[in-house]
Every structure is written in structure tokens, then in C-alpha cells.
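Student: Provided herewith is a single structure, encoded as C-alpha cells, for subsequent inquiry.
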Amino acid sequence: ISLPPPPEVDTKHGYHLYTIMIDENKTRMSRDDFLNRMNAAKIGTGVHYLSIPEHPYYQKAFNWKTPERVIEEFQTLIDMGATSIHILDDCFNIKKDRVLEICTLLLKGGIDVDWSVRGTVEINEDVIKSIAEAGCKRFHAGIEHFDDNVLKYFRKSHRYQHIEKFCELCNKYGINVLVYLIIGVPGETKKYRKNLPEMIKKLNITMPFINVLSPLCNTPYYEGLLKDGTLKKDYWDEFIANPVRDFVMPSGRSSSQDERLADTLNRYIEIFYKS
């Protein structure tokens with residue numbers, strides 16, 4: 001099992017919720033099987049929260065489509081002449097059973113089209129194998145960073161070990177990996193940025209999309225810049241109260257730092273897209 005990251009500096013964890021991740025491929029045990037065995041041993045467990053797409057309001061308001069409806073839309077797009085289909089749904093692989101059913105119906109219906117998907121970092125081999133067999137050629141994932149401390153800062157649920165497993169499975173089943181990465185994060189080192197291209201190549205990530213961290217509204221990064229005085233005023237608050245054309249949000253970095261990050265991005269472009 002994988003345990004949660006340790007409490008942040010200067011905080012004390014109440015351990016009311018202590019979420020562990022179970023590797024079904026290694027344990028040969030599903031989440032529900034684990035819960036049942038824990039309960040049989042008189043150890044209390046609970047599943048507190050549904051993912052957002054599973055909440056009744058979300059399903060009613062935004063219509064999480066049934067597997068059958070997904071297949072209908074695939075066929076409609078093919079009939080219209082589509083030769084490639086991309087599923088733009090960050091929550092696509094939250095419900096594993098739904099993904100497996102979609103794949104089963106694609107194969108059963110003889111739907112032969114290249115398709116790709118955006119989702120979360122997936123470490124369930126049955127899911128990766130099934131989408132590959134059903135024709136998925138590319139998996140997009142918002143990995144963001146390879147450093148566990150930064151992933152913790154971003155409040156991401158995955159860690160580098162999960163990224164490795166995800167890439168390993170995609171490579172095993174012939175699925176190209178497209179990832180979104182961010183540089184310029186607090187605590188990030190020059191060594192990390194220097195080694196990033198080799199780390200990407202080692203994982204056999206074929207399409208890395210890399211951006212510089214921006215202080216978006218209501219993010220921990222932006223709030224931190226306000227708190228430590230790097231930003232002298234609340235730019236987003238002013239913009240929301242009085243929107244202006246061509247608004248530019250200060251980066252929170254010096255001009256020399258911004259220039260170095262821009263040069264680094266250009267180097268990555270040369271490595272991955274111009275070589």
C-alpha cells in the first residue's frame with residue numbers, strides 16, 4: 001500500500017481521514033475486498049467521499065454519460081467522417097468499472113477508430129490494458145511535476161512512484177503518453193530543471209507540454225505571494241472589481257528569473273520538438 005504524505009511543516013494531522021492507496025495488481029485485492037477484510041477483523045473503515053462526478057447533483061446537472069451513450073456518440077462521430085476521437089474528460093478514469101464497460105462495448109460493437117483520452121494518473125493495469133485493446137492510442141495526464149514535495153505542494157494525489165507505474169503500463173500496452181508539466185515552482189532546483197529532459201525520456205513520455213507556473217487566483221501559490229509580501233497588492237481582487245482589457249498578472253518573480261525560465265522552456269522545445 002501507499003501511505004499519505006507526512007504532515008506539512010508547522011501542522012499537526014488529526015488523522016481523522018488517513019487515506020491509503022492499494023495496488024490491486026500486487027495485492028490481488030480490490031478496495032471493497034480490503035474494506036470487507038478489515039471489517040471482518042473488527043477494524044473500522046469508511047469511504048467518506050464520492051468523486052465529484054459521482055455526486056447526484058453533478059450527474060443530474062452535467063449528465064455523466066452511460067457507456068452506451070458514449071458508444072452512440074463514437075458511432076455518430078465516425079458516421080460524420082471522424083477518423084480520430086479525443087475524450088476531453090479529466091474524470092474519465094475515476095470509475096474503473098465504467099471505463100471497462102466502455103471498452104467492452106467498443107470491442108463488441110466493432111468500432112475501429114483511433115481515440116485518445118485525458119484522465120488522471122492511472123496505475124490499474126486492467127484499465128490501461130482495456131483501453132489499449134479498445135483502440136486508445138494516447139493518454140493525456142496532468143502530471144505537473146516529478147518531485148514529490150512539489151506534488152504535495154500542488155495537492156496532487158499521485159506521487160512519482162505512481163507516475164513511473166503509469167508510464168510503464170502505457171509503454172507496455174502501446175499507448176503514447178502526453179503529459180502536462182510545470183516549472184518555476186517554489187522549492188524547485190536548477191538541477192531538477194537541467195535533468196528534466198532526461199527524466200522525461202527515461203519514462204518514454206512522447207509528448208511533454210511544459211509551462212511556467214503562473215499565480216492564478218485563489219491558488220496556494222498566489223496566496224503565498226501575497227502573504228510574504230512579494231506581491232504588494234491583490235491584483236486579482238482589483239481585476240475582478242474592475243476588469244480591464246489586456247490584463248497582465250505579475251509573475252511574482254524577478255525579470256532575470258523570468259528570462260531564465262523562458263530560456264529553459266526554449267531549450268525544452270529544441271530538445272523535444274525541433275530535433
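Labeling convention for the C-alpha cells: chains A, B, ... as they appear, residues from 1 per chain, ligands from 1 in order of appearance.
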Env of Phe209 (chain A): 9 Å cut, atoms = only C-alpha atoms, seq-sep filter 2 positions within chain, self excluded. Answer as a PDB file with all heavy atoms, in the first residue's frame.
Tutor:
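Output below, filename part00.pdb:
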ATOM      1  N   LEU A 178       1.084  11.666 -23.201  1.00  0.00           N
ATOM      2  CA  LEU A 178       1.182  13.124 -23.289  1.00  0.00           C
ATOM      3  C   LEU A 178       0.972  13.663 -21.884  1.00  0.00           C
ATOM      4  O   LEU A 178      -0.041  13.361 -21.244  1.00  0.00           O
ATOM      5  CB  LEU A 178       0.148  13.686 -24.248  1.00  0.00           C
ATOM      6  CG  LEU A 178       0.185  15.193 -24.527  1.00  0.00           C
ATOM      7  CD1 LEU A 178      -0.437  15.504 -25.890  1.00  0.00           C
ATOM      8  CD2 LEU A 178      -0.539  16.018 -23.449  1.00  0.00           C
ATOM      9  N   VAL A 179       1.930  14.443 -21.387  1.00  0.00           N
ATOM     10  CA  VAL A 179       1.801  14.960 -20.023  1.00  0.00           C
ATOM     11  C   VAL A 179       1.933  16.469 -19.994  1.00  0.00           C
ATOM     12  O   VAL A 179       2.568  17.076 -20.857  1.00  0.00           O
ATOM     13  CB  VAL A 179       2.851  14.336 -19.074  1.00  0.00           C
ATOM     14  CG1 VAL A 179       2.732  12.831 -19.047  1.00  0.00           C
ATOM     15  CG2 VAL A 179       4.261  14.762 -19.446  1.00  0.00           C
ATOM     16  N   TYR A 180       1.309  17.055 -18.992  1.00  0.00           N
ATOM     17  CA  TYR A 180       1.404  18.486 -18.739  1.00  0.00           C
ATOM     18  C   TYR A 180       2.295  18.677 -17.513  1.00  0.00           C
ATOM     19  O   TYR A 180       2.043  18.092 -16.454  1.00  0.00           O
ATOM     20  CB  TYR A 180       0.015  19.077 -18.501  1.00  0.00           C
ATOM     21  CG  TYR A 180      -0.938  18.809 -19.630  1.00  0.00           C
ATOM     22  CD1 TYR A 180      -1.855  17.763 -19.560  1.00  0.00           C
ATOM     23  CD2 TYR A 180      -0.913  19.588 -20.787  1.00  0.00           C
ATOM     24  CE1 TYR A 180      -2.724  17.497 -20.606  1.00  0.00           C
ATOM     25  CE2 TYR A 180      -1.789  19.334 -21.840  1.00  0.00           C
ATOM     26  CZ  TYR A 180      -2.686  18.281 -21.750  1.00  0.00           C
ATOM     27  OH  TYR A 180      -3.538  18.023 -22.789  1.00  0.00           O
ATOM     28  N   LEU A 181       3.358  19.471 -17.675  1.00  0.00           N
ATOM     29  CA  LEU A 181       4.317  19.706 -16.611  1.00  0.00           C
ATOM     30  C   LEU A 181       4.478  21.202 -16.350  1.00  0.00           C
ATOM     31  O   LEU A 181       4.243  22.016 -17.254  1.00  0.00           O
ATOM     32  CB  LEU A 181       5.677  19.110 -16.981  1.00  0.00           C
ATOM     33  CG  LEU A 181       5.744  17.584 -17.087  1.00  0.00           C
ATOM     34  CD1 LEU A 181       7.001  17.152 -17.829  1.00  0.00           C
ATOM     35  CD2 LEU A 181       5.710  16.947 -15.706  1.00  0.00           C
ATOM     36  N   ILE A 182       4.880  21.543 -15.132  1.00  0.00           N
ATOM     37  CA  ILE A 182       5.067  22.936 -14.743  1.00  0.00           C
ATOM     38  C   ILE A 182       6.463  23.110 -14.161  1.00  0.00           C
ATOM     39  O   ILE A 182       6.935  22.269 -13.393  1.00  0.00           O
ATOM     40  CB  ILE A 182       4.021  23.360 -13.694  1.00  0.00           C
ATOM     41  CG1 ILE A 182       2.610  23.292 -14.294  1.00  0.00           C
ATOM     42  CG2 ILE A 182       4.294  24.767 -13.184  1.00  0.00           C
ATOM     43  CD1 ILE A 182       1.507  23.566 -13.291  1.00  0.00           C
ATOM     44  N   MET A 207       5.178  13.072 -25.583  1.00  0.00           N
ATOM     45  CA  MET A 207       4.718  14.442 -25.816  1.00  0.00           C
ATOM     46  C   MET A 207       4.613  15.208 -24.505  1.00  0.00           C
ATOM     47  O   MET A 207       3.575  15.204 -23.850  1.00  0.00           O
ATOM     48  CB  MET A 207       3.372  14.427 -26.543  1.00  0.00           C
ATOM     49  CG  MET A 207       3.465  14.056 -27.999  1.00  0.00           C
ATOM     50  SD  MET A 207       1.847  13.689 -28.744  1.00  0.00           S
ATOM     51  CE  MET A 207       1.642  11.978 -28.237  1.00  0.00           C
ATOM     52  N   ASN A 211       4.901  24.231 -19.062  1.00  0.00           N
ATOM     53  CA  ASN A 211       4.594  25.649 -18.868  1.00  0.00           C
ATOM     54  C   ASN A 211       5.237  26.162 -17.590  1.00  0.00           C
ATOM     55  O   ASN A 211       5.618  25.376 -16.712  1.00  0.00           O
ATOM     56  CB  ASN A 211       3.081  25.865 -18.801  1.00  0.00           C
ATOM     57  CG  ASN A 211       2.415  25.701 -20.143  1.00  0.00           C
ATOM     58  OD1 ASN A 211       2.658  26.474 -21.059  1.00  0.00           O
ATOM     59  ND2 ASN A 211       1.572  24.685 -20.269  1.00  0.00           N
TER      60      ASN A 211
END
Student: Quick one: pick out all strand (DSSP E or B) residues within region 197-258 of chain A from a backbone DSSP run and write them as a list in words.
Tutor: Met207, Pro208, Phe209, Ile210, Asn211 and Val212 of chain A
Student: Those residues with N, CA, C and O atoms, as an mmCIF file, in the first residue's frame please?
Tutor:
data_model
loop_
_atom_site.group_PDB
_atom_site.id
_atom_site.type_symbol
_atom_site.label_atom_id
_atom_site.label_comp_id
_atom_site.auth_asym_id
_atom_site.auth_seq_id
_atom_site.Cartn_x
_atom_site.Cartn_y
_atom_site.Cartn_z
ATOM 1 N N MET A 207 5.178 13.072 -25.583
ATOM 2 C CA MET A 207 4.718 14.442 -25.816
ATOM 3 C C MET A 207 4.613 15.208 -24.505
ATOM 4 O O MET A 207 3.575 15.204 -23.850
ATOM 5 N N PRO A 208 5.684 15.884 -24.088
ATOM 6 C CA PRO A 208 5.609 16.706 -22.887
ATOM 7 C C PRO A 208 5.197 18.142 -23.206
ATOM 8 O O PRO A 208 5.771 18.777 -24.081
ATOM 9 N N PHE A 209 4.185 18.635 -22.531
ATOM 10 C CA PHE A 209 3.766 20.032 -22.651
ATOM 11 C C PHE A 209 4.164 20.728 -21.348
ATOM 12 O O PHE A 209 3.641 20.393 -20.279
ATOM 13 N N ILE A 210 5.088 21.676 -21.441
ATOM 14 C CA ILE A 210 5.678 22.271 -20.248
ATOM 15 C C ILE A 210 5.378 23.772 -20.201
ATOM 16 O O ILE A 210 5.569 24.477 -21.192
ATOM 17 N N ASN A 211 4.901 24.231 -19.062
ATOM 18 C CA ASN A 211 4.594 25.649 -18.868
ATOM 19 C C ASN A 211 5.237 26.162 -17.590
ATOM 20 O O ASN A 211 5.618 25.376 -16.712
ATOM 21 N N VAL A 212 5.339 27.485 -17.480
ATOM 22 C CA VAL A 212 5.866 28.118 -16.272
ATOM 23 C C VAL A 212 4.712 28.416 -15.325
ATOM 24 O O VAL A 212 3.642 28.860 -15.744
#
Student: Of the residues A:Leu226, A:Leu107, A:Ile271, A:Cys170, which is the one nearest to Leu196 (chain A), using only C-alpha atoms?
Tutor: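 Answer, going by the shortest atom-to-atom distance: A:Ile271.
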Student: Quick one: residues within 12 Å of Ile85 (chain A), only C-alpha atoms, excluding same-chain residues fewer than 3 positions away - as a ChimeraX atom specification?
Tutor: /A:70-71,73-78,80-82,88,111-118,135-138
Student: List the spatial neighbours of region 30-37 of chain A as a PyMOL selection string - criterion: any atom at most 12 Å away, only C-alpha atoms, same-chain residues fewer than 6 positions off excluded.
Tutor: chain A and resi 1+19-24+43-47+96-97+124
Student: Next, write the just-selected residues to a file, as a tab-separated table (two decimals), in the first residue's frame, keeping N, CA, C and O atoms as the atom set.
Tutor:
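Result saved to selection13.tsv:
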chain	number	residue	atom	x	y	z
A	1	ILE	N	0.85	-1.19	0.00
A	1	ILE	CA	0.00	0.00	0.00
A	1	ILE	C	0.88	1.24	0.00
A	1	ILE	O	2.04	1.19	0.41
A	19	THR	N	-5.97	8.35	4.29
A	19	THR	CA	-6.26	7.64	3.05
A	19	THR	C	-5.05	6.87	2.56
A	19	THR	O	-3.97	7.42	2.39
A	20	ILE	N	-5.24	5.58	2.33
A	20	ILE	CA	-4.19	4.75	1.76
A	20	ILE	C	-4.58	4.33	0.35
A	20	ILE	O	-5.76	4.32	-0.01
A	21	MET	N	-3.57	4.01	-0.48
A	21	MET	CA	-3.82	3.56	-1.84
A	21	MET	C	-3.37	2.11	-1.95
A	21	MET	O	-2.26	1.76	-1.52
A	22	ILE	N	-4.22	1.27	-2.50
A	22	ILE	CA	-3.94	-0.16	-2.62
A	22	ILE	C	-3.64	-0.50	-4.07
A	22	ILE	O	-4.40	-0.15	-4.97
A	23	ASP	N	-2.51	-1.15	-4.29
A	23	ASP	CA	-2.14	-1.58	-5.63
A	23	ASP	C	-2.83	-2.92	-5.90
A	23	ASP	O	-2.40	-3.97	-5.41
A	24	GLU	N	-3.93	-2.87	-6.65
A	24	GLU	CA	-4.72	-4.08	-6.88
A	24	GLU	C	-3.93	-5.15	-7.62
A	24	GLU	O	-4.14	-6.35	-7.42
A	43	ILE	N	-11.77	-4.03	12.44
A	43	ILE	CA	-11.07	-2.76	12.26
A	43	ILE	C	-11.99	-1.87	11.42
A	43	ILE	O	-12.29	-2.18	10.27
A	44	GLY	N	-12.43	-0.79	12.01
A	44	GLY	CA	-13.39	0.07	11.32
A	44	GLY	C	-12.78	0.81	10.14
A	44	GLY	O	-11.65	1.28	10.21
A	45	THR	N	-13.50	0.89	9.06
A	45	THR	CA	-13.07	1.64	7.87
A	45	THR	C	-14.26	2.40	7.32
A	45	THR	O	-15.41	2.16	7.72
A	46	GLY	N	-14.00	3.29	6.40
A	46	GLY	CA	-15.09	4.00	5.78
A	46	GLY	C	-14.65	4.67	4.51
A	46	GLY	O	-13.47	5.01	4.35
A	47	VAL	N	-15.56	4.82	3.58
A	47	VAL	CA	-15.31	5.59	2.36
A	47	VAL	C	-16.13	6.86	2.50
A	47	VAL	O	-17.35	6.84	2.41
A	96	LYS	N	-13.55	2.99	-12.52
A	96	LYS	CA	-12.88	1.96	-13.31
A	96	LYS	C	-13.87	1.06	-14.03
A	96	LYS	O	-13.68	0.71	-15.20
A	97	ASP	N	-14.94	0.68	-13.34
A	97	ASP	CA	-15.92	-0.23	-13.96
A	97	ASP	C	-16.55	0.39	-15.19
A	97	ASP	O	-16.82	-0.30	-16.18
A	124	ASN	N	-3.89	1.21	-12.58
A	124	ASN	CA	-4.61	-0.05	-12.66
A	124	ASN	C	-4.34	-0.68	-14.03
A	124	ASN	O	-4.75	-0.16	-15.06
Student: Under the rule that only C-alpha atoms are counted, which of A:Ser2, A:Asp258, A:Thr11, A:Lys190 is the nearest residue to Tyr160 (chain A)?
Tutor: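 So, comparing all the options, the nearest one is A:Ser2.
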Student: Using DSSP secondary structure from the backbone, list all alpha helix (DSSP H) positions within region 101-152 of chain A, as an MDAnalysis selection string.
Tutor: chainID A and resid 101:108 125:133 148:152
Student: Which residue, A:Cys217, A:Val244, A:Ile123, A:Ile200, has the smallest gap to Lys26 (chain A) when you use only C-alpha atoms?
Tutor: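 Closest candidate: A:Ile123.
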Student: May I have the residues within 12 Å of region 144-153 of chain A as a PyMOL selection string, using only C-alpha atoms and disregarding those fewer than 4 positions away in the same chain?
Tutor: chain A and resi 4-9+120-121+140+157-164+178-189+191-193+195-200+203+208-213+219-221+224
Student: Separation of CA of Asp126 (chain A) and CA of Lys156 (chain A), in Å?
Tutor: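 CA of Lys156 (chain A) lies 22.8 Å from CA of Asp126 (chain A).
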Student: For Asp89 (chain A), which residue among A:Pro215, A:Pro56, A:Gly142, A:Gly110 is the nearest when counting only C-alpha atoms?
Tutor: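 That would be A:Gly142, the residue with the smallest distance to Asp89 (chain A).
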Student: Write out as a PyMOL selection string each polymer residue whose atoms come within 12 Å of Asn171 (chain A), counting only C-alpha atoms; drop sequence neighbours fewer than 2 positions from it.
Tutor: chain A and resi 125+128-129+132+137-139+164-169+173-178+202-206
Student: Taking into account only C-alpha atoms, which residue in the set A:Asp90, A:Thr66, A:Arg253, A:Asp10 is nearest to Ser214 (chain A)?
Tutor: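 Closest candidate: A:Arg253.
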Student: To one decimal in Å, tell me the separation between CA of Ala262 (chain A) and CA of Tyr235 (chain A).
Tutor: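 Computed distance, CA of Ala262 (chain A) to CA of Tyr235 (chain A), equals 22.8 Å.
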Student: Considering only C-alpha atoms, can you say which of A:Cys103, A:Arg155, A:Tyr222, A:Lys108 comes closest to Glu133 (chain A)?
Tutor: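 Looking at the shortest contact to Glu133 (chain A), the residue is A:Cys103.
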